[in-house]
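S.K.: Structure file coords_36.cif (mmCIF, C-alpha atoms and all ligand atoms) is given on the next line.
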data_my_file
#
loop_
_atom_site.label_atom_id
_atom_site.label_comp_id
_atom_site.auth_asym_id
_atom_site.auth_seq_id
_atom_site.Cartn_x
_atom_site.Cartn_y
_atom_site.Cartn_z
CA MET A 1092 -8.84 -9.90 13.34
CA ILE A 1093 -7.67 -7.16 10.98
CA GLY A 1094 -6.89 -8.36 7.47
CA VAL A 1095 -4.07 -6.81 5.50
CA PHE A 1096 -4.03 -7.58 1.81
CA ASP A 1097 -1.38 -7.00 -0.80
CA SER A 1098 -0.47 -8.41 -4.18
CA GLY A 1099 2.71 -9.76 -2.59
CA PHE A 1100 5.33 -8.78 -0.02
CA GLY A 1101 5.01 -5.01 -0.17
CA GLY A 1102 2.03 -4.78 2.18
CA LEU A 1103 4.29 -6.05 4.93
CA THR A 1104 5.69 -2.48 5.09
CA VAL A 1105 2.14 -1.42 6.01
CA LEU A 1106 1.64 -4.26 8.49
CA LYS A 1107 4.97 -3.25 10.09
CA GLU A 1108 3.52 0.19 10.85
CA PHE A 1109 0.25 -1.29 12.14
CA LEU A 1110 2.23 -3.50 14.51
CA ARG A 1111 4.20 -0.47 15.68
CA VAL A 1112 1.19 1.70 16.51
CA LEU A 1113 -1.45 -0.96 17.26
CA PRO A 1114 0.50 -3.99 18.49
CA ASP A 1115 -2.29 -5.61 20.51
CA TYR A 1116 -4.67 -6.49 17.71
CA GLY A 1117 -4.69 -9.75 15.78
CA TYR A 1118 -3.70 -9.52 12.09
CA VAL A 1119 -4.12 -11.81 9.11
CA TYR A 1120 -1.81 -10.95 6.21
CA LEU A 1121 -2.51 -12.22 2.71
CA GLY A 1122 -0.03 -11.82 -0.13
CA ASP A 1123 -1.21 -12.94 -3.56
CA ASN A 1124 2.38 -13.66 -4.59
CA ALA A 1125 1.41 -16.25 -7.18
CA ARG A 1126 -0.35 -13.59 -9.27
CA ALA A 1127 1.84 -10.57 -8.45
CA PRO A 1128 2.71 -8.07 -9.73
CA TYR A 1129 -0.68 -6.39 -10.10
CA GLY A 1130 0.88 -3.11 -11.23
CA ASN A 1131 0.72 -3.86 -14.94
CA LYS A 1132 -2.59 -5.76 -15.03
CA SER A 1133 -5.97 -4.55 -16.27
CA ALA A 1134 -8.55 -2.97 -13.97
CA GLU A 1135 -10.93 -5.95 -14.42
CA VAL A 1136 -8.29 -8.49 -13.44
CA ILE A 1137 -7.15 -6.43 -10.44
CA TYR A 1138 -10.76 -6.12 -9.25
CA GLU A 1139 -11.40 -9.84 -9.56
CA TYR A 1140 -8.18 -10.82 -7.75
CA THR A 1141 -8.84 -8.29 -4.99
CA ARG A 1142 -12.43 -9.45 -4.57
CA GLN A 1143 -11.23 -13.04 -4.16
CA ALA A 1144 -8.67 -11.92 -1.56
CA VAL A 1145 -11.31 -9.95 0.37
CA ASP A 1146 -13.54 -13.01 0.33
CA PHE A 1147 -10.73 -15.17 1.66
CA LEU A 1148 -9.87 -12.78 4.49
CA PHE A 1149 -13.48 -12.42 5.63
CA LYS A 1150 -13.87 -16.19 5.62
CA ALA A 1151 -10.65 -16.41 7.65
CA GLY A 1152 -12.37 -14.40 10.40
CA CYS A 1153 -11.49 -10.77 9.60
CA GLU A 1154 -13.97 -8.03 10.40
CA LEU A 1155 -11.97 -5.24 8.85
CA ILE A 1156 -9.59 -5.39 5.89
CA ILE A 1157 -6.98 -2.86 4.86
CA ILE A 1158 -5.99 -3.08 1.23
CA ALA A 1159 -2.34 -2.18 1.57
CA CYS A 1160 -1.68 -2.45 -2.16
CA HIS A 1161 -1.92 0.89 -3.97
CA THR A 1162 -2.74 -0.74 -7.26
CA ALA A 1163 -5.67 -2.66 -5.72
CA SER A 1164 -6.71 0.40 -3.69
CA SER A 1165 -6.77 2.47 -6.89
CA ARG A 1166 -8.43 -0.07 -9.15
CA ALA A 1167 -10.72 -2.19 -6.96
CA LEU A 1168 -11.48 -0.60 -3.61
CA ARG A 1169 -14.33 1.70 -4.61
CA LYS A 1170 -16.27 -1.06 -6.39
CA ILE A 1171 -15.73 -3.43 -3.48
CA GLN A 1172 -16.97 -0.82 -0.99
CA GLN A 1173 -19.92 0.28 -3.08
CA GLU A 1174 -21.10 -2.96 -4.70
CA TYR A 1175 -19.54 -6.09 -3.22
CA LEU A 1176 -19.66 -5.36 0.51
CA PRO A 1177 -23.27 -4.18 0.79
CA LYS A 1178 -24.42 -7.33 -1.00
CA HIS A 1179 -22.16 -9.97 0.59
CA TYR A 1180 -20.70 -8.62 3.85
CA PRO A 1181 -22.86 -5.68 4.99
CA GLY A 1182 -21.44 -5.60 8.54
CA LYS A 1183 -17.79 -5.70 7.51
CA ARG A 1184 -15.45 -3.00 6.23
CA VAL A 1185 -12.66 -2.63 3.68
CA LEU A 1186 -10.35 0.39 3.70
CA GLY A 1187 -7.49 1.39 1.43
CA VAL A 1188 -4.30 3.42 1.49
CA VAL A 1189 -4.98 6.21 -0.99
CA VAL A 1190 -7.20 8.49 1.13
CA PRO A 1191 -4.95 8.45 4.24
CA THR A 1192 -1.96 9.16 2.01
CA VAL A 1193 -3.45 12.12 0.16
CA GLU A 1194 -4.69 13.64 3.42
CA GLU A 1195 -1.19 13.46 4.86
CA ALA A 1196 0.34 14.85 1.66
CA VAL A 1197 -1.94 17.88 1.58
CA LYS A 1198 -1.21 18.52 5.26
CA LEU A 1199 2.54 18.42 4.63
CA SER A 1200 2.71 20.36 1.38
CA ARG A 1201 3.65 24.02 1.71
CA TYR A 1202 3.47 25.21 -1.87
CA HIS A 1203 0.86 22.69 -3.07
CA LYS A 1204 3.11 21.22 -5.72
CA LEU A 1205 2.79 17.47 -5.38
CA GLY A 1206 4.39 14.50 -7.06
CA ILE A 1207 3.12 10.93 -7.08
CA ILE A 1208 5.10 7.85 -8.01
CA GLY A 1209 3.45 4.45 -8.36
CA THR A 1210 2.92 1.43 -10.58
CA SER A 1211 1.68 1.95 -14.14
CA SER A 1212 -1.83 0.91 -13.16
CA THR A 1213 -1.99 3.17 -10.11
CA VAL A 1214 -0.82 6.18 -12.11
CA SER A 1215 -3.07 5.52 -15.10
CA SER A 1216 -6.10 5.08 -12.80
CA GLY A 1217 -5.85 8.79 -11.92
CA VAL A 1218 -7.24 7.96 -8.47
CA TYR A 1219 -4.51 9.74 -6.52
CA LYS A 1220 -5.03 12.90 -8.55
CA LYS A 1221 -8.80 12.69 -8.13
CA GLU A 1222 -8.62 12.20 -4.37
CA LEU A 1223 -6.11 15.04 -4.01
CA GLU A 1224 -8.33 17.37 -6.00
CA LYS A 1225 -11.25 16.53 -3.73
CA LEU A 1226 -9.25 17.98 -0.84
CA ARG A 1227 -8.01 21.16 -2.56
CA GLY A 1228 -8.73 22.75 -5.89
CA ASP A 1229 -5.44 24.65 -6.21
CA LEU A 1230 -2.93 21.80 -6.30
CA GLU A 1231 -0.30 21.32 -8.98
CA ILE A 1232 0.00 17.54 -9.40
CA HIS A 1233 2.64 15.60 -11.32
CA GLU A 1234 2.55 11.81 -11.66
CA GLN A 1235 5.21 9.36 -12.71
CA ALA A 1236 4.87 5.61 -13.24
CA CYS A 1237 7.95 3.71 -12.04
CA PRO A 1238 7.41 0.09 -13.16
CA LEU A 1239 11.01 -1.01 -12.60
CA LEU A 1240 11.12 -0.19 -8.90
CA VAL A 1241 9.05 -3.15 -7.63
CA PRO A 1242 11.39 -5.83 -9.03
CA LEU A 1243 14.43 -3.87 -7.83
CA ALA A 1244 13.05 -3.67 -4.29
CA GLU A 1245 12.11 -7.35 -4.32
CA GLU A 1246 15.64 -8.24 -5.42
CA GLY A 1247 16.97 -6.21 -2.50
CA TRP A 1248 18.82 -3.84 -4.87
CA LEU A 1249 18.29 -0.93 -2.55
CA ASP A 1250 21.71 0.74 -2.57
CA ARG A 1251 22.90 -0.33 -6.01
CA LEU A 1252 24.25 2.10 -8.54
CA GLU A 1253 21.83 0.73 -11.14
CA THR A 1254 18.86 1.43 -8.86
CA ARG A 1255 20.10 4.96 -8.22
CA MET A 1256 20.36 5.58 -11.96
CA ILE A 1257 16.83 4.32 -12.60
CA LEU A 1258 15.48 6.35 -9.68
CA LYS A 1259 17.18 9.47 -11.02
CA LYS A 1260 15.61 8.92 -14.42
CA TYR A 1261 12.11 8.49 -12.92
CA LEU A 1262 12.43 11.35 -10.47
CA ARG A 1263 14.00 13.94 -12.80
CA PRO A 1264 10.68 15.15 -14.31
CA LEU A 1265 9.30 15.70 -10.79
CA LYS A 1266 12.46 17.54 -9.72
CA VAL A 1267 12.25 19.77 -12.78
CA LYS A 1268 8.68 20.69 -11.78
CA GLU A 1269 10.00 21.65 -8.33
CA ILE A 1270 7.46 19.63 -6.40
CA ASP A 1271 7.60 20.19 -2.63
CA THR A 1272 5.92 16.91 -1.58
CA LEU A 1273 6.30 13.42 -2.99
CA ILE A 1274 3.87 10.55 -2.42
CA LEU A 1275 5.41 7.07 -2.43
CA GLY A 1276 2.33 5.50 -4.05
CA CYS A 1277 3.43 1.87 -3.91
CA THR A 1278 4.03 -0.59 -1.09
CA HIS A 1279 7.62 -1.23 -2.17
CA TYR A 1280 8.87 2.34 -2.32
CA PRO A 1281 9.39 2.90 1.44
CA LEU A 1282 12.28 0.46 1.05
CA LEU A 1283 13.86 2.87 -1.41
CA ALA A 1284 12.99 5.97 0.63
CA ARG A 1285 16.56 6.77 1.67
CA GLU A 1286 17.75 6.90 -1.91
CA ILE A 1287 14.62 8.78 -3.05
CA ILE A 1288 15.16 11.43 -0.34
CA ARG A 1289 18.81 11.75 -1.35
CA ILE A 1290 17.85 12.37 -4.98
CA MET A 1291 14.92 14.71 -4.33
CA GLY A 1292 16.77 16.71 -1.68
CA LYS A 1293 15.76 17.52 1.89
CA ARG A 1294 13.47 20.34 0.78
CA VAL A 1295 10.98 17.83 -0.61
CA LYS A 1296 8.69 16.15 1.94
CA VAL A 1297 8.24 12.43 1.31
CA VAL A 1298 4.94 10.84 2.31
CA ASP A 1299 5.17 7.23 3.45
CA PRO A 1300 1.68 5.71 2.98
CA ALA A 1301 2.40 2.96 5.48
CA LYS A 1302 2.71 5.57 8.23
CA ALA A 1303 -0.28 7.53 6.95
CA ALA A 1304 -2.46 4.39 6.84
CA ALA A 1305 -1.42 3.37 10.35
CA GLY A 1306 -2.25 6.82 11.73
CA LYS A 1307 -5.62 6.70 10.00
CA LEU A 1308 -6.36 3.21 11.35
CA VAL A 1309 -5.80 4.45 14.91
CA LEU A 1310 -8.31 7.25 14.29
CA TYR A 1311 -10.76 4.92 12.56
CA LEU A 1312 -10.82 2.44 15.44
CA GLY A 1313 -11.25 5.31 17.90
CA ARG A 1314 -14.27 6.55 15.97
CA HIS A 1315 -15.85 3.16 15.21
CA GLN A 1316 -16.27 1.53 18.58
CA ALA A 1317 -18.70 -1.14 17.36
CA MET A 1318 -16.06 -2.37 14.91
CA GLU A 1319 -13.23 -2.00 17.43
CA LYS A 1320 -15.07 -4.21 19.93
CA LYS A 1321 -15.36 -6.99 17.37
CA LEU A 1322 -11.59 -7.17 16.83
CA SER A 1323 -9.51 -9.66 18.71
CA ARG A 1324 -6.79 -8.21 20.91
CA ALA A 1325 -4.88 -11.44 21.28
CA GLY A 1326 -1.97 -10.02 19.28
CA LYS A 1327 -2.01 -13.03 16.97
CA LEU A 1328 -0.28 -12.84 13.58
CA VAL A 1329 -1.18 -15.15 10.70
CA PHE A 1330 0.42 -15.09 7.25
CA TYR A 1331 -1.01 -16.52 4.05
CA THR A 1332 0.47 -16.53 0.57
CA SER A 1333 -0.79 -17.92 -2.71
CA ASP A 1334 2.78 -18.92 -3.65
CA ASP A 1335 5.63 -20.70 -1.92
CA ALA A 1336 5.43 -20.35 1.89
CA HIS A 1337 9.15 -20.84 2.41
CA LYS A 1338 10.06 -18.07 -0.02
CA PHE A 1339 7.49 -15.76 1.60
CA LYS A 1340 9.04 -16.33 5.00
CA GLU A 1341 12.52 -15.64 3.69
CA LEU A 1342 11.82 -12.54 1.57
CA GLY A 1343 9.07 -11.22 3.82
CA GLN A 1344 11.58 -10.43 6.58
CA ARG A 1345 13.06 -7.67 4.46
CA PHE A 1346 9.69 -5.91 4.22
CA LEU A 1347 8.46 -6.59 7.75
CA GLY A 1348 11.76 -5.69 9.38
CA ARG A 1349 11.58 -8.78 11.57
CA SER A 1350 11.14 -12.49 11.12
CA VAL A 1351 7.84 -13.66 9.65
CA GLY A 1352 6.12 -16.36 11.71
CA GLU A 1353 4.33 -19.36 10.34
CA VAL A 1354 3.20 -18.96 6.71
CA LYS A 1355 0.47 -21.01 5.08
CA LYS A 1356 0.08 -21.49 1.36
CA ILE A 1357 -3.49 -21.08 0.07
CA GLU A 1358 -5.32 -21.03 -3.22
CA LEU A 1359 -7.46 -18.07 -4.18
N1 LIG B 1 1.65 -3.79 -4.11
C1 LIG B 1 1.73 -3.07 -5.35
C2 LIG B 1 1.36 -1.61 -5.13
O1 LIG B 1 1.43 -1.09 -4.04
C3 LIG B 1 3.10 -3.18 -5.97
C4 LIG B 1 3.43 -4.54 -6.49
C5 LIG B 1 2.55 -4.97 -7.64
O2 LIG B 1 2.63 -4.37 -8.73
O3 LIG B 1 1.80 -5.90 -7.44
O4 LIG B 1 0.95 -0.96 -6.05
#
Could you write out this file's structure as structure tokens?
M.R.:
Amino acid sequence: MIGVFDSGFGGLTVLKEFLRVLPDYGYVYLGDNARAPYGNKSAEVIYEYTRQAVDFLFKAGCELIIIACHTASSRALRKIQQEYLPKHYPGKRVLGVVVPTVEEAVKLSRYHKLGIIGTSSTVSSGVYKKELEKLRGDLEIHEQACPLLVPLAEEGWLDRLETRMILKKYLRPLKVKEIDTLILGCTHYPLLAREIIRIMGKRVKVVDPAKAAAGKLVLYLGRHQAMEKKLSRAGKLVFYTSDDAHKFKELGQRFLGRSVGEVKKIEL
């Protein structure tokens, strides 16, 4: 099974893409809804929560985990890959969403003027900037934390005037800098993509990390046959949440774009 982890519902936008491009594999989704949002928590707390989630997903039978959450990918992934996995699960793998996203952004950008929007923790981690700079030394990078967008997306306020006003306020500094490519560095932002594109204008390329991560997963499985062979192809989908299962099922539909099957409540 492939594990997909997020702090809450947002990672379902990533799972949606996985199901579109790799529908035959089995997936286990875990949303730590009881402790979300992660976006304003400290690095230590985010690492500890993510480590517990990784532990849960491996024990649930996953061989490979994708951390769909940008905040967890920015704050916890490296330490999990470098310290936790070698010690506790040497044969298993954990991947994130930042590297696939920056690779796609650099490919798309014509004038190398990039903007990143994300949670406060993702932006203050500087991980997006660091990974972008590893790919090219001549990039102009502008970052903007957008802490109000997650609750707005969860409330389903996608086309509201209030949301448009807040988006305009967040995006104005990036528009002024005339960025040519914008990274949606948070699981919830693809839901607001239409409005974001309208505000930024068609000239600006918008990178959807869910699509970038799905494309990268296809390549990864092609290159790592030993891992690919271990994954079940029964097409099974299992959902876990650390909060109310009924609420997850109801709200999750909006992010997954289809009905969510059986959901089990767990404790992390
Ligand atoms: N999943 C988080 C992210 O992509 C957004 C929600 C949260 O703050 O927990 O950064």
S.K.: To one decimal in Å, tell me the separation between atom CA of Leu1168 of chain A and atom CA of Gly1217 of chain A.
M.R.: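 Separation of atom CA of Leu1168 of chain A and atom CA of Gly1217 of chain A: 13.7 Å.
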S.K.: Could you list the protein, DNA and RNA residues that have any atom within 8 Å of ligand LIG 1 (chain B), counting only C-alpha atoms and all ligand atoms, and write them as a list in words?
M.R.: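 Based on only C-alpha atoms and all ligand atoms, ligand LIG 1 (chain B) is surrounded within 8 Å by Asp1097, Ser1098, Gly1099, Phe1100, Gly1101, Gly1102, Ala1127, Pro1128, Tyr1129, Gly1130, Asn1131, Ala1159, Cys1160, His1161, Thr1162, Ala1163, Gly1209, Thr1210, Ser1212, Thr1213, Pro1238, Val1241, Gly1276, Cys1277, Thr1278 and His1279 of chain A.
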S.K.: Rounded to one decimal in Å, what is the spacing between atom CA of Arg1126 of chain A and atom CA of Gln1173 of chain A?
M.R.: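 If I compute the distance from atom CA of Arg1126 of chain A to atom CA of Gln1173 of chain A, I get 24.8 Å.
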S.K.: By how many Å are atom CA of Glu1234 of chain A and atom CA of Lys1198 of chain A apart?
M.R.: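 Pair atom CA of Glu1234 of chain A / atom CA of Lys1198 of chain A returns 18.6 Å.
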S.K.: Between A:Ala1305, A:Glu1341, A:Ser1165, A:Leu1283, single out the one closest to Leu1106 of chain A, counting only C-alpha atoms.
M.R.: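 Of A:Ala1305, A:Glu1341, A:Ser1165, A:Leu1283, the one nearest Leu1106 of chain A, counting only C-alpha atoms, is A:Ala1305.
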S.K.: As AutoDock Vina command-line options, please: the centre and edge lengths in Å, to one decimal, of an axis-aligned box enclosing every listed atom of segment 1202-1209 of chain A with 5 Å added on each side.
M.R.:
--center_x 3.0 --center_y 14.8 --center_z -5.1 --size_x 14.2 --size_y 30.8 --size_z 16.5
S.K.: Counting all atoms listed in the file, which of A:Lys1260, A:His1233, A:His1203, A:Lys1268 gets nearest to Lys1296 of chain A?
M.R.: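 When distances to Lys1296 of chain A are compared using all atoms listed in the file, the smallest one comes from A:His1203.
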S.K.: Have a look at A:Ser1323, A:Glu1108, A:Tyr1331, A:His1179 and name the one nearest to Ala1144 of chain A; count only C-alpha atoms.
M.R.: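 Closest to Ala1144 of chain A of all the choices is A:Tyr1331.
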S.K.: Have a look at A:Gly1206, A:Leu1282, A:Gly1182, A:Ile1232 and name the one nearest to Arg1263 of chain A; count only C-alpha atoms.
M.R.: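 Comparing A:Gly1206, A:Leu1282, A:Gly1182, A:Ile1232 against Arg1263 of chain A, the winner is A:Gly1206.
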S.K.: Pick the closest to Gly1306 of chain A from A:Lys1266, A:Lys1355, A:Arg1111, A:Arg1289: which is it, counting all atoms listed in the file?
M.R.: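 Of A:Lys1266, A:Lys1355, A:Arg1111, A:Arg1289, the one nearest Gly1306 of chain A, counting all atoms listed in the file, is A:Arg1111.
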S.K.: Check the smallest atom-to-atom distance from each of A:Val1185, A:Met1256, A:Val1095, A:Ile1171 to Gly1117 of chain A using all atoms listed in the file, then report the winner.
M.R.: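 Ranking A:Val1185, A:Met1256, A:Val1095, A:Ile1171 by distance to Gly1117 of chain A, first place goes to A:Val1095.
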S.K.: Can you find the residues with an atom no farther than 10 Å from (-1.8, 27.6, -0.1), counting all atoms listed in the file, and report them as number ranges by chain?
M.R.: A: 1197, 1200-1204, 1227, 1229-1230
S.K.: Arg1184 of chain A: which residues within 8 Å, counting all atoms listed in the file, same-chain residues fewer than 3 positions away excluded, as a list of chain:residue names?
M.R.: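 After dropping sequence-adjacent residues, the list is A:Glu1154, A:Leu1155, A:Ile1156, A:Gln1172, A:Leu1176, A:Pro1181.
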S.K.: Based on the selection just made, write C-alpha atoms of those residues as a short mmCIF file (atom, residue, chain, number, x, y, z; two decimals), in the frame of the given file.
M.R.:
data_model
loop_
_atom_site.label_atom_id
_atom_site.label_comp_id
_atom_site.auth_asym_id
_atom_site.auth_seq_id
_atom_site.Cartn_x
_atom_site.Cartn_y
_atom_site.Cartn_z
CA GLU A 1154 -13.97 -8.03 10.40
CA LEU A 1155 -11.97 -5.24 8.85
CA ILE A 1156 -9.59 -5.39 5.89
CA GLN A 1172 -16.97 -0.82 -0.99
CA LEU A 1176 -19.66 -5.36 0.51
CA PRO A 1181 -22.86 -5.68 4.99
#
S.K.: Pull the neighbourhood of (-7.7, 7.6, 8.4) for me: all residues within 10 Å in file coordinates, counting all atoms listed in the file, as number ranges by chain.
M.R.: A: 1186-1192, 1194-1195, 1303-1312
S.K.: Might you pull out every residue within 10 Å of Ala1244 of chain A, with all atoms listed in the file counted and same-chain residues fewer than 4 positions away left off, and present them as a list in words?
M.R.: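 Using all atoms listed in the file, the neighbours found are Gly1101, Leu1239, Leu1240, Trp1248, Leu1249, Asp1250, Thr1254, His1279, Tyr1280, Pro1281, Leu1282, Leu1283, Arg1345 and Phe1346 of chain A.
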